[in-house]
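Comments concern the structure below.
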Amino acid sequence: MKPQAFDYARPDSAAEAVALLADAGEDARILAGGQSLMAVLNLRLAQPSVLIDISRVPDLDYVRSEAGVLAIGAAATQGSVEWRPGLATEVPLLAQAFPHISHFQIRNRGTVCGSVAHADPSAELPLCLLALGGQVVLRSRSGRRSVAADDFFQGMLMTARRPDELVEEVRYPLAESGMRYAFEEFAGRHGDFAICAVAAVVRPDGIRLAVGGVSDRPRLKSWGCLSRADLDAAINDFAWELGAKDDHHASAKFRRQLVRHLGRTAIDRAMS
Amino acid sequence: MKTYQKNDVVRIALVLNGQRRSGTCEPRTLLSDFLRHELGATGTHVGCEHGVCGACTVTIDGVASRTCLSLAVQAEGRSIETVEGLNRGQEPGQNRLSDLQEAFRRNHALQCGFCTAGILMSCADYLVRKPDPSEQEVREMLSGHLCRCTGYTNIVKAVLETAAARLGRPVAATPEADKPGHAGVGAAEQARLVNA
């Protein structure tokens, strides 16, 4: 239960961090909050040769509301977003999701960008980013690019990030008038990994429903205005499309039922 | 920029419970092991070593965090508070418990005590940020800690009682709990158990 030996670097700026990442190659890992990575290292499921610790990089530690988005830097902790006054009006979906994200002690240190970069299929922050149509800013030595959440998440712990890129910032769109949001989750115990989590965004002309914990990545579906019966049928189709599998937490059948139940509950709550 | 090679022996200085301390470690040494083995601060317990149980929680610059999910080198220059520092600020010679610890004792909020140091440090941070939490909020905060003895009820009571006392609100009288023996066990029952 101790990590294998590694070299450790603590850059002072984002530019230094991406330069280190480019030089170190694929065997390097970015260490931010470490709330997933350190557990993985302790269990020796990963044995990187270099850790690049960005947790103290001042120009990555920010949360800003600007240009219609909540921009969150790579060193900003989940706690710093969760305890932000006004989050419930800025990004109501995030305010609803935070209590489900692991525990107080983990959110104190875990980062938002780290959770997005890790891309656990049951994680809440990637799910919310997808539901809201957010962006991921990737930075390498040669420049920056912005990737839509829908293109960023590609599979189980797999993303569009190239090995020399740092997830520098994630952008959650701010709430718009006329839009309603709801988050629902089922887990074995409070704070455990979601067996199924859903985020619903309801606007006057349609519905977006994102589901986590069922497929190999968070998945999104959009519909126009549907009758109640048509919506139930659409959610049922979506539940089957997700390709749920049996595992030691839950059966595929149970997961499909959770998608139907939580999906309907979230949409109803958003509309009410 | 700071860089350490994997086999380096690194000297780390930090502030532990208000005192400047230093010790040596490797880059891969966990903060939990550094505190216990290098600095001798064995009040912080180590349970699962992958962030699930919460026993190793301390505050780092005032923020409750798992030390098994932090490297000692990351704590360089930081201010760490552990259970050993909870009752600081007393007259010399006094050795009283802090109000939080006293509430835990009064409510029998621990039995074996393995998880307690971590829970106390979480509460120390939480009650500063949330001075008047609801029972539900306390339970959510405590969900980051595993306690296999108490069933949490008495821990929740102790935390709520501490919050109320700090706000100057009258605390519900718990006369039974102040008597010797098991909280919630009346004197007659206690005598019967002892004599049995």
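Ligands are numbered from 1 in the order shown, residues from 1 within each chain, and chains are lettered A, B, ... in the order they appear in the structure tokens.
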DSSP alpha helix (DSSP H) residues within chain B, listed as a ChimeraX atom specification: /B:31-33,99-106,116-129,135-142,153-166,175-178,187-195
Contacts of segment 91-99 of chain B at 10 Å (only C-alpha atoms; same-chain gap of 2+ positions) as a list in words: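 That gives Gly85, Leu86, Asn87, Arg88, Gly89, Gln101, Glu102, Ala103, Phe104, Arg105, Ala158, Glu161, Thr162, Ala163, Ala165 and Arg166 of chain B.
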7 Å contacts from chain B to chain A using only C-alpha atoms, as a VMD selection string: chain B and resid 1 to 6 27 to 28 49 to 51 63 to 66 69 to 70 141 143 to 144
Residues of segment 6-88 of chain B in strand (DSSP E or B), written as a list in words: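 Written out, the strand (DSSP E or B) residues of segment 6-88 of chain B are Val10, Arg11, Ile12, Ala13, Leu14, Val15, Leu16, Gln19, Arg20, Arg21, Ser22, Gly23, Thr24, Cys25, Leu30, Thr57, Val58, Thr59, Ile60, Val63, Ala64, Ser65, Arg66, Leu71, Ser79, Ile80 and Glu81 of chain B.
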For Asn17 of chain B: contacts at 7 Å, only C-alpha atoms, fewer than 3 positions along chain excluded, given as a list of chain:residue names: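 Close residues of Asn17 of chain B: B:Ile80, B:Glu81, B:Thr82, B:Gly85.
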For the residues in that selection, give me N, CA and C atoms as a JSON list (two decimals), in the first residue's frame.
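In the end it all went to out.json:
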```json
[["chain", "number", "residue", "atom", "x", "y", "z"],
["B", 80, "ILE", "N", 0.13, 22.00, 9.59],
["B", 80, "ILE", "CA", -0.66, 20.78, 9.82],
["B", 80, "ILE", "C", -1.17, 20.78, 11.25],
["B", 81, "GLU", "N", -2.44, 20.49, 11.40],
["B", 81, "GLU", "CA", -2.99, 20.31, 12.75],
["B", 81, "GLU", "C", -3.45, 18.86, 12.87],
["B", 82, "THR", "N", -3.04, 18.22, 13.97],
["B", 82, "THR", "CA", -3.48, 16.84, 14.22],
["B", 82, "THR", "C", -4.21, 16.81, 15.56],
["B", 85, "GLY", "N", -2.96, 18.48, 18.68],
["B", 85, "GLY", "CA", -2.98, 19.93, 18.85],
["B", 85, "GLY", "C", -4.36, 20.49, 19.17]]
```
Near segment 132-144 of chain A, counting only C-alpha atoms, which residues have an atom at most 8 Å away, once you skip same-chain residues fewer than 2 positions from it, shown as a short mmCIF file (atom, residue, chain, number, x, y, z; two decimals) with C-alpha atoms, in the first residue's frame?
```cif
data_model
loop_
_atom_site.label_atom_id
_atom_site.label_comp_id
_atom_site.auth_asym_id
_atom_site.auth_seq_id
_atom_site.Cartn_x
_atom_site.Cartn_y
_atom_site.Cartn_z
CA ALA A 15 4.02 27.04 -18.64
CA VAL A 18 3.39 21.72 -19.68
CA ALA A 19 7.10 21.98 -20.53
CA ALA A 22 6.32 17.44 -22.85
CA CYS A 128 -22.63 17.82 -15.34
CA LEU A 129 -20.12 19.17 -17.88
CA LEU A 130 -21.70 17.01 -20.58
CA SER A 146 -10.80 23.83 -26.49
CA VAL A 147 -12.78 20.59 -26.74
CA ALA A 148 -16.52 20.17 -26.21
CA ALA A 149 -17.40 17.81 -23.37
CA ASP A 150 -19.21 15.57 -25.85
CA PHE A 152 -13.70 14.95 -24.70
CA ARG A 161 -6.38 14.60 -23.97
CA ASP A 164 1.60 16.12 -23.54
CA GLU A 165 -1.55 18.07 -22.66
CA LEU A 166 -2.72 19.43 -19.34
CA VAL A 167 -6.43 19.93 -18.60
CA GLU A 168 -5.87 23.59 -17.84
CA GLU A 169 -9.46 24.73 -17.35
CA VAL A 170 -13.02 23.49 -17.56
CA ARG A 171 -15.92 25.78 -18.44
CA TYR A 172 -19.41 25.16 -17.07
CA PRO A 173 -22.03 27.32 -18.84
CA VAL A 201 -31.67 20.29 -18.30
#
```
